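Participant: Take this structure, written in structure tokens, and hold onto it; I'll ask about it next.
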Amino acid sequence: MKVVIRVDASVWIGSGHVMRCLVLADALQSHGCSVSFACLPQNGDMKAFISQRGYQVIELTPPKVFQTPKHSSDYEAWLQKSQAKDAIDFLECVRDADLVITDHYGIGKSWHDIIKAKRDCFIVAIDDLVREHNADLIVDQTLGRTACEYQTNGVALTGTKYALLNDKFALVRPQAEKRKFHFSKPKVLISMGGVDMPNATMSVLQSLVGCVEAEFSVLLSKRSPNFKVVSDWCAKHDEVHHIEFVSDMATMMLEHDVAIGAPGSTSWERACLGLPSIIIPLADNQKEICKQLVEYGIGIEVLLNEVEEKLPGAFNILCLSWEDLFHRSLASCDGKGTERVTQEIIRLNNESNYYMQ
């Protein structure tokens, strides 16, 4: 089966969509699928990274002038063109596909309609926002999400049962289940996303370092416009270690006691390994995930504009509540979602009566 994944990364979009698509791509490839990516070249894209992972990157046509999103939910600006223009460009650049996967908040039903009208292919839409799609499969890994929230003629795979995690997370989960909290000097993983445009990383560091007794690991890539200022700051503090990139996030999380991060896809990675977290939402599309994490007792929310005032207190609560948060996190995600989604995609391709299942 020939699979093409339509996904973007940028300084506005971040890296999360590409990273979870790479996880799914690896799984599909292991089942004999041929996988390539279709991406728009732009500032902060991950074309080189995707290529380094061994996948062909089909470059779509960039606009003459790039738009700057007006706010964090300006998804049309994320796409940089209308859905119709992007779909037509996709069709011109991608001549053949048995399955098209979309993971883009700027792409929805109107894009899918154009592809369906011109190509005899299946469509899988990865979404978190309960938008309208013309897709054979919808994957929404949001905690507490139910299939009935989507109005679709296809099949909706919803909830953390279908969280797209690297298979290493399920592999090391038995070790995570035995983890113990180091009260005297906890190890803290700070990961605010691959780009972190508002530099929440620095706000967190300035709020906690010197205020609490802990060791800090800061994960921030060179794709971030704040990379140098954060790296230079970390170099001046012995208790802080800056990490540019980690290929094995599961082992990294296993080595830490607590985490501070944005409520994106890594929320389910942390949950799978029972890593209690303080969550700081950085965009409108993270609000629902954040709400669910708090309601299920998996994380403690601190707003970005309240970090200086409330983060130290929240950190103390996190440490005192560690045991309860640990068990609730483990119960929320088993790390086997990628294989479940992959099996559904294989069934979709192989079974003519799939929708009757």
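Letters A, B, ... mark the chains of the structure tokens in the order given; residue numbers begin at 1 per chain; ligand numbers begin at 1, in order shown.
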Near A:Gly32, counting only C-alpha atoms, which residues have an atom at most 10 Å away, once you skip same-chain residues fewer than 5 positions from it, shown as a list in words?

Facilitator: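 Listing them by chain and then by number gives Met1, Lys2, Ala27 and Ile346 of chain A.
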
Participant: Could you pull the residues within 12 Å of A:Thr61, counting only C-alpha atoms, minus those fewer than 4 positions along the same chain, as a list in words?

Facilitator: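 Listing them by chain and then by number gives Ala38, Cys39, Leu40, Pro41, Gln42, Val65, Phe66, Leu79, Gln80, Lys81, Lys85, Asp86, Ala87, Ile88, Asp89, Phe90, Leu91, Glu92, Cys93 and Val94 of chain A.
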
Participant: Please write the residues from the selection above to a file, keeping C-alpha atoms, as a CSV table (one decimal), in the first residue's frame.

Facilitator:
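out.csv was written with the following content:
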chain,number,residue,atom,x,y,z
A,38,ALA,CA,4.1,15.9,1.5
A,39,CYS,CA,5.1,19.1,3.2
A,40,LEU,CA,5.2,22.8,2.6
A,41,PRO,CA,8.7,24.3,2.7
A,42,GLN,CA,8.8,27.1,5.3
A,65,VAL,CA,4.3,35.7,0.5
A,66,PHE,CA,4.1,33.8,3.8
A,79,LEU,CA,-1.8,26.2,5.8
A,80,GLN,CA,-0.6,29.4,4.0
A,81,LYS,CA,-3.2,29.0,1.3
A,85,LYS,CA,-5.4,25.5,-3.5
A,86,ASP,CA,-3.5,23.2,-1.2
A,87,ALA,CA,-5.5,20.2,-2.3
A,88,ILE,CA,-4.9,21.0,-6.0
A,89,ASP,CA,-1.2,21.5,-5.4
A,90,PHE,CA,-1.1,18.2,-3.6
A,91,LEU,CA,-2.8,16.4,-6.5
A,92,GLU,CA,-0.3,18.0,-8.9
A,93,CYS,CA,2.7,16.9,-6.8
A,94,VAL,CA,1.4,13.5,-5.7

Participant: Which residue is closest to A:Glu149? Choose from A:His112, A:His31, A:Arg131, A:Arg95 and count only C-alpha atoms.

Facilitator: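 Comparing A:His112, A:His31, A:Arg131, A:Arg95 against A:Glu149, the winner is A:Arg131.
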
Participant: Write out as a list of chain:residue names each polymer residue whose atoms come within 9 Å of A:Val4, counting only C-alpha atoms; drop sequence neighbours fewer than 5 positions from it.

Facilitator: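 Non-adjacent residues within range: A:Ser34, A:Val35, A:Ser36, A:Phe37, A:Ala38, A:Val94, A:Asp96, A:Ala97, A:Asp98, A:Leu99, A:Val100, A:Ile101, A:Thr102.
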
Participant: Keeping N, CA and C atoms, export the residues of the selection given above as a PDB file, in the first residue's frame.

Facilitator:
ATOM      1  N   SER A  34       4.601   1.463   1.728  1.00  0.00           N
ATOM      2  CA  SER A  34       5.540   2.465   1.225  1.00  0.00           C
ATOM      3  C   SER A  34       5.016   3.828   1.660  1.00  0.00           C
ATOM      4  N   VAL A  35       5.820   4.573   2.426  1.00  0.00           N
ATOM      5  CA  VAL A  35       5.345   5.823   3.028  1.00  0.00           C
ATOM      6  C   VAL A  35       6.202   7.001   2.576  1.00  0.00           C
ATOM      7  N   SER A  36       5.557   8.082   2.193  1.00  0.00           N
ATOM      8  CA  SER A  36       6.248   9.336   1.894  1.00  0.00           C
ATOM      9  C   SER A  36       5.469  10.485   2.527  1.00  0.00           C
ATOM     10  N   PHE A  37       6.109  11.655   2.585  1.00  0.00           N
ATOM     11  CA  PHE A  37       5.514  12.830   3.220  1.00  0.00           C
ATOM     12  C   PHE A  37       5.361  13.943   2.193  1.00  0.00           C
ATOM     13  N   ALA A  38       4.267  14.687   2.279  1.00  0.00           N
ATOM     14  CA  ALA A  38       4.054  15.876   1.456  1.00  0.00           C
ATOM     15  C   ALA A  38       4.001  17.082   2.385  1.00  0.00           C
ATOM     16  N   VAL A  94       1.538  14.899  -6.078  1.00  0.00           N
ATOM     17  CA  VAL A  94       1.407  13.489  -5.685  1.00  0.00           C
ATOM     18  C   VAL A  94       0.552  12.783  -6.730  1.00  0.00           C
ATOM     19  N   ASP A  96       0.228   9.439  -7.244  1.00  0.00           N
ATOM     20  CA  ASP A  96      -0.326   8.118  -6.936  1.00  0.00           C
ATOM     21  C   ASP A  96      -0.311   7.880  -5.435  1.00  0.00           C
ATOM     22  N   ALA A  97      -1.432   7.399  -4.900  1.00  0.00           N
ATOM     23  CA  ALA A  97      -1.510   7.048  -3.478  1.00  0.00           C
ATOM     24  C   ALA A  97      -2.713   6.142  -3.249  1.00  0.00           C
ATOM     25  N   ASP A  98      -2.503   5.090  -2.472  1.00  0.00           N
ATOM     26  CA  ASP A  98      -3.617   4.238  -2.057  1.00  0.00           C
ATOM     27  C   ASP A  98      -4.291   4.807  -0.815  1.00  0.00           C
ATOM     28  N   LEU A  99      -3.492   5.514  -0.014  1.00  0.00           N
ATOM     29  CA  LEU A  99      -3.988   6.082   1.242  1.00  0.00           C
ATOM     30  C   LEU A  99      -3.332   7.434   1.466  1.00  0.00           C
ATOM     31  N   VAL A 100      -4.140   8.426   1.805  1.00  0.00           N
ATOM     32  CA  VAL A 100      -3.639   9.750   2.167  1.00  0.00           C
ATOM     33  C   VAL A 100      -3.976  10.002   3.629  1.00  0.00           C
ATOM     34  N   ILE A 101      -2.962  10.361   4.405  1.00  0.00           N
ATOM     35  CA  ILE A 101      -3.153  10.701   5.815  1.00  0.00           C
ATOM     36  C   ILE A 101      -2.950  12.200   5.969  1.00  0.00           C
ATOM     37  N   THR A 102      -3.888  12.876   6.625  1.00  0.00           N
ATOM     38  CA  THR A 102      -3.726  14.301   6.909  1.00  0.00           C
ATOM     39  C   THR A 102      -3.620  14.515   8.412  1.00  0.00           C
TER      40      THR A 102
END

Participant: Using only C-alpha atoms, determine which residues lie at most 8 Å from A:Arg223, disregarding the query and same-chain residues fewer than 3 positions distant; provide the list as a compact mmCIF listing (two decimals) with N, CA and C atoms, in the first residue's frame.

Facilitator:
# COMPACT_ATOMS: atom_id res chain seq x y z
N VAL A 11 7.58 27.31 12.64
CA VAL A 11 7.76 27.98 13.93
C VAL A 11 6.41 28.24 14.58
N GLY A 44 11.19 26.75 9.84
CA GLY A 44 10.91 25.80 10.91
C GLY A 44 10.36 24.47 10.44
N GLY A 194 9.08 21.59 20.54
CA GLY A 194 10.28 21.73 19.74
C GLY A 194 10.62 23.16 19.37
N VAL A 195 9.62 24.06 19.39
CA VAL A 195 9.85 25.45 18.98
C VAL A 195 9.71 26.41 20.15
N PHE A 227 16.62 29.24 21.21
CA PHE A 227 17.61 28.21 21.52
C PHE A 227 18.85 28.78 22.21

Participant: Name the closest residue to A:Ser265 among the candidates A:Pro198, A:Gly14, A:Gly54, A:Gly108; distances are taken between atoms, counting only C-alpha atoms.

Facilitator: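 Closest to A:Ser265, using only C-alpha atoms: A:Gly14.
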
Participant: Between atom CA of A:Gln292 and atom CA of A:His327, what distance in Å does the model show, to one decimal?

Facilitator: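 According to the coordinates, atom CA of A:Gln292 and atom CA of A:His327 are separated by 16.1 Å.
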
Participant: I need the helix (DSSP H, G or I) residues of stretch 157-306 of chain A per DSSP on the backbone, written as a ChimeraX atom specification.

Facilitator: /A:160-162,167-176,200-208,227-235,249-254,266-272,284-295,304-306

Participant: Show me, as a ChimeraX atom specification, the residues that have an atom within 10 Å of A:Val341 when counting only C-alpha atoms, minus same-chain residues fewer than 3 positions from it.

Facilitator: /A:24,27-28,137-139,157,161-164,336-338,344-347

Participant: Selection from above, C-alpha atoms, as a compact mmCIF listing (two decimals), in the first residue's frame, can you write it?

Facilitator:
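Below is the file that was written, part10.txt:
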# COMPACT_ATOMS: atom_id res chain seq x y z
CA LEU A 24 2.71 6.07 12.45
CA ALA A 27 4.58 1.33 12.06
CA LEU A 28 3.02 1.29 8.59
CA LEU A 137 -10.85 6.85 9.37
CA ILE A 138 -10.57 9.65 11.93
CA VAL A 139 -8.00 9.34 14.72
CA LEU A 157 -10.94 5.94 16.59
CA LYS A 161 -6.40 3.96 23.42
CA TYR A 162 -5.29 5.23 20.01
CA ALA A 163 -2.50 7.58 21.11
CA LEU A 164 0.30 7.52 18.53
CA LYS A 336 -0.27 0.49 22.38
CA GLY A 337 -2.28 2.98 20.33
CA THR A 338 -0.01 3.08 17.30
CA GLU A 344 -7.27 -0.52 11.52
CA ILE A 345 -5.55 1.06 8.50
CA ILE A 346 -4.44 -2.35 7.23
CA ARG A 347 -7.99 -3.66 7.68

Participant: Using DSSP secondary structure from the backbone, list all strand (DSSP E or B) positions within stretch 30-159 of chain A, as a list in words.

Facilitator: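 Matching residues for strand (DSSP E or B) in stretch 30-159 of chain A are Ser34, Val35, Ser36, Phe37, Ala38, Cys39, Gln56, Val57, Ile58, Glu59, Leu99, Val100, Ile101, Thr102, Asp103, Phe122, Ile123, Val124, Ala125, Ile126, Leu137, Ile138, Val139, Asp140, Val155, Ala156, Leu157 and Thr158 of chain A.
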
Participant: In Å, how far is it from atom CA of A:Gln67 to atom CA of A:His104?

Facilitator: 16.3 Å

Participant: Leaving out A:Phe326 and any residue of its chain fewer than 3 positions from it, which residues lie within 6 Å of it when counting only C-alpha atoms, given as an MDAnalysis selection string?

Facilitator: chainID A and resid 274 276 322:323 329

Participant: Save the residues we just selected, C-alpha atoms, as a PDB file, in the first residue's frame?

Facilitator:
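Result file is out31.pdb:
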ATOM      1  CA  GLY A 274       3.556   7.445  34.831  1.00  0.00           C
ATOM      2  CA  PRO A 276       3.478  13.271  36.861  1.00  0.00           C
ATOM      3  CA  TRP A 322       3.251  12.265  43.160  1.00  0.00           C
ATOM      4  CA  GLU A 323       1.948   8.798  44.054  1.00  0.00           C
ATOM      5  CA  SER A 329      -1.242   8.641  34.606  1.00  0.00           C
TER       6      SER A 329
END

Participant: Report the closest atom pair, with its distance in Å rounded to one decimal, for each residue of stretch 248-355 of chain A that has an atom no farther than 10 Å from stretch 114-130 of chain A; count only C-alpha atoms, sort by chain and then rising residue number, and write it as a Markdown table.

Facilitator:
| residue | atom | partner | partner_atom | distance |
| --- | --- | --- | --- | --- |
| A:Asn285 | CA | A:Leu129 | CA | 7.2 |
| A:Gln286 | CA | A:Asp128 | CA | 9.0 |
| A:Glu288 | CA | A:Leu129 | CA | 8.4 |
| A:Ile289 | CA | A:Asp128 | CA | 8.6 |
| A:Ile345 | CA | A:Val124 | CA | 8.2 |
| A:Leu348 | CA | A:Phe122 | CA | 8.1 |
| A:Asn349 | CA | A:Phe122 | CA | 7.8 |

Participant: Using only C-alpha atoms, pick whichever of A:Arg6, A:Lys178, A:His256, A:Lys310 has the shortest atom-to-atom distance to A:Glu215.

Facilitator: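 The answer is A:His256, which sits nearest to A:Glu215.
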
Participant: Between A:Asn305, A:Ser221, A:Thr266, A:Asn316, single out the one closest to A:His17, counting only C-alpha atoms.

Facilitator: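 With only C-alpha atoms as the atom set, the closest residue is A:Thr266.
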
Participant: Considering only C-alpha atoms, state which residue in the set A:Cys33, A:Ile13, A:Ala48, A:Ala314 is at the smallest distance from A:Pro69.

Facilitator: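 Nearest candidate to A:Pro69 out of A:Cys33, A:Ile13, A:Ala48, A:Ala314: A:Ile13.
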
Participant: Find the residues near A:Cys21: any atom within 8 Å, counting only C-alpha atoms, skip ones fewer than 2 places away on the same chain, and give them as a VMD selection string.

Facilitator: chain A and resid 5 7 17 to 19 23 to 25 103

Participant: Restricting it to N, CA and C atoms, dump the selection as a PDB file, in the first residue's frame.

Facilitator:
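The resulting file, part31.pdb, is shown below:
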ATOM      1  N   ILE A   5       1.608  11.096   3.510  1.00  0.00           N
ATOM      2  CA  ILE A   5       1.178  11.829   4.700  1.00  0.00           C
ATOM      3  C   ILE A   5       1.302  13.326   4.441  1.00  0.00           C
ATOM      4  N   VAL A   7       1.410  16.697   6.061  1.00  0.00           N
ATOM      5  CA  VAL A   7       1.641  17.273   7.385  1.00  0.00           C
ATOM      6  C   VAL A   7       2.686  18.372   7.254  1.00  0.00           C
ATOM      7  N   HIS A  17       2.965  17.499  15.209  1.00  0.00           N
ATOM      8  CA  HIS A  17       2.219  16.799  14.158  1.00  0.00           C
ATOM      9  C   HIS A  17       3.153  15.904  13.344  1.00  0.00           C
ATOM     10  N   VAL A  18       4.305  16.426  12.984  1.00  0.00           N
ATOM     11  CA  VAL A  18       5.274  15.631  12.225  1.00  0.00           C
ATOM     12  C   VAL A  18       5.774  14.453  13.052  1.00  0.00           C
ATOM     13  N   MET A  19       6.051  14.679  14.316  1.00  0.00           N
ATOM     14  CA  MET A  19       6.605  13.611  15.152  1.00  0.00           C
ATOM     15  C   MET A  19       5.634  12.445  15.298  1.00  0.00           C
ATOM     16  N   VAL A  23       5.905   8.439  13.811  1.00  0.00           N
ATOM     17  CA  VAL A  23       5.628   7.223  14.581  1.00  0.00           C
ATOM     18  C   VAL A  23       4.707   6.303  13.787  1.00  0.00           C
ATOM     19  N   LEU A  24       3.640   6.870  13.240  1.00  0.00           N
ATOM     20  CA  LEU A  24       2.706   6.071  12.447  1.00  0.00           C
ATOM     21  C   LEU A  24       3.364   5.569  11.165  1.00  0.00           C
ATOM     22  N   ALA A  25       4.189   6.402  10.553  1.00  0.00           N
ATOM     23  CA  ALA A  25       4.895   5.996   9.329  1.00  0.00           C
ATOM     24  C   ALA A  25       5.791   4.791   9.584  1.00  0.00           C
ATOM     25  N   ASP A 103      -2.683  15.349   8.800  1.00  0.00           N
ATOM     26  CA  ASP A 103      -2.549  15.768  10.199  1.00  0.00           C
ATOM     27  C   ASP A 103      -2.235  17.258  10.179  1.00  0.00           C
TER      28      ASP A 103
END
